[in-house]
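Below you'll find the structure, written out as C-alpha cells, and then a few comments.
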Amino acid sequence: QVTSLAMLFGVLHTAVKFESLHMLATLLSQKESPLHDALRSMPSTIWKSHIRGGIIDVLQNRVVSSEKLQALLLAECMMSILGENWLSEDHKILDNKNAISVDKFVLLVLQSARVEVAVLLNELAFSKYESSKSSQTDDAIIQKQRNLAILFSLIERIIKMISDASSGEGEPSQTICEKTIMQVITGLNETISLVLDFLQDAKVNILSDDMKFSTGS
C-alpha cells in the first residue's frame with residue numbers, strides 16, 4: 001500500500017528506506033491507473049508529507065547517484081499524478097526533522113536534478129570513446145538515456161510550476177517567493193545552455209563521422 005510505503009520511506013533510516021523508495025517509484029511510475037485516481041482522491045495529506053520528507057532526506061545526504069535518481073523519479077511521479085503544484089505545496093508533519101521550507105525544497109529538487117543531468121550528459125558524451133562495445137555497455141547507455149529523459153520531464157514540470165506561480169495561476173497553497181523564482185530561472189537557463197552545448201557537440205561529432213565515412217578514412 002502506498003501510504004504504508006510512504007511512511008517507511010519518510011521515517012526510517014535503514015536499508016528499508018531505499019527498498020520503499022524503489023517500490024514507490026515502481027508503483028507510481030506506471031502509466032495512468034486506478035491507483036493514481038485513488039491517490040488523487042485521498043483526503044489525507046500525511047502520505048504526501050512522508051514522501052516529501054523521504055525525498056529531502058535522500059537528496060540532502062551522501063547517497064549514491066542511483067538512489068538520488070530514484071528520489072527524483074519519485075518527485076516526477078508525484079508531480080505527474082497530483083499536478084506540478086505538488087512540489088510547492090506546504091504540507092508538513094509535526095516533529096519531522098526533514099521539514100524545510102517550500103522554497104528550499106523546490107531549489108533542492110531542481111539543483112539535484114541539474115547535477116544529475118550534468119553527470120549523465122558528461123557520461124553520454126564520452127560513452128562513444130569507451131573501448132568496450134559489449135551489450136552490457138549498450139544497456140548501460142540506454143539506461144542513462146532513460147534516466148536523462150526522466151530528469152528532463154521533471155525539469156519540464158518545474159518550469160510549468162514556476163510559470164504558474166509567477167503568473168499568479170498557481171494554487172493558493174503556493175508560497176514561492178520571488179527570489180526563489182529568480183534562482184530557479186537562473187538554474188534552468190544554465191542547464192538549458194549545458195544541454196545545447198551537448199547537442200552542438202553531438203552534431204559536430206556526427207558531421208565529423210560522416211566526413212570520415214565519405215572519404216573512406
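Following the order of the C-alpha cells, chains are lettered A, B, ..., residues in each are numbered from 1, and ligands are numbered from 1.
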Among chain A, which ones does DSSP place in helix (DSSP H, G or I), written as JSON, numbers by chain?
{"A": [2, 3, 4, 5, 6, 7, 8, 9, 10, 11, 15, 16, 17, 18, 19, 20, 21, 22, 23, 24, 25, 26, 27, 28, 34, 35, 36, 37, 38, 39, 40, 41, 46, 47, 48, 49, 50, 51, 52, 53, 54, 55, 56, 57, 58, 59, 60, 65, 66, 67, 68, 69, 70, 71, 72, 73, 74, 75, 76, 77, 78, 79, 80, 81, 82, 84, 85, 86, 87, 88, 102, 103, 104, 105, 106, 107, 108, 109, 110, 111, 112, 113, 114, 115, 116, 117, 118, 119, 120, 121, 122, 123, 124, 125, 126, 127, 135, 136, 137, 138, 139, 140, 141, 142, 143, 144, 145, 146, 147, 148, 149, 150, 151, 152, 153, 154, 155, 156, 157, 158, 159, 160, 161, 162, 163, 164, 165, 166, 167, 178, 179, 180, 181, 182, 183, 184, 185, 186, 187, 188, 189, 190, 191, 192, 193, 194, 195, 196, 197, 198, 199, 200, 201, 202, 203, 204, 205, 206, 207, 208, 209, 210, 211, 212, 213, 214, 215]}
From the list A:Ser112, A:Thr26, A:Ser167, A:Ser80, which residue is nearest Asn61 of chain A when using only C-alpha atoms?
A:Ser112
Please list as a ChimeraX atom specification every residue within 8 Å of Leu59 of chain A, counting only C-alpha atoms and excluding residues in the same chain fewer than 4 positions away.
/A:55,63,68,71,108-109,112
Residues within 12 Å of Leu12 of chain A, only C-alpha atoms, excluding chain neighbours under 2 positions, as a PyMOL selection string:
chain A and resi 4-10+14-21+50-51+53-54+57-58+96-98
Which residues, written as a VMD selection string, have at least one atom at most 10 Å from Gln1 of chain A, with only C-alpha atoms counted and residues fewer than 5 positions away on the same chain left out?
chain A and resid 6 23 to 24 27 35
Residue neighbourhood Ile150 of chain A, 12 Å, only C-alpha atoms, exclusion window fewer than 2 positions, as number ranges by chain
A: 25, 29, 69-77, 80, 113, 116-117, 120, 143-148, 152-157
At a cut-off of 8 Å, using only C-alpha atoms, what residues contact Ser101 of chain A? Leave out same-chain residues fewer than 3 positions from it and give the result as number ranges by chain.
A: 90, 104-105
Min atom-atom distance to Ala38 of chain A from the set A:Ile142, A:Leu194, A:Ile81, A:Ile56, counting only C-alpha atoms, belongs to A:Ile81
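Between atom CA of Glu89 of chain A and atom CA of Glu32 of chain A lies a distance of 22.4 Å.
Using only C-alpha atoms, the smallest distance between any of A:Ile192, A:Leu39, A:Leu110, A:Val119 and Ser66 of chain A comes from A:Val119.
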Nearest residue to Leu107 of chain A out of A:Ser44, A:Asn122, A:Thr3, A:Gln60, using only C-alpha atoms?
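That would be A:Gln60, the residue with the smallest distance to Leu107 of chain A.
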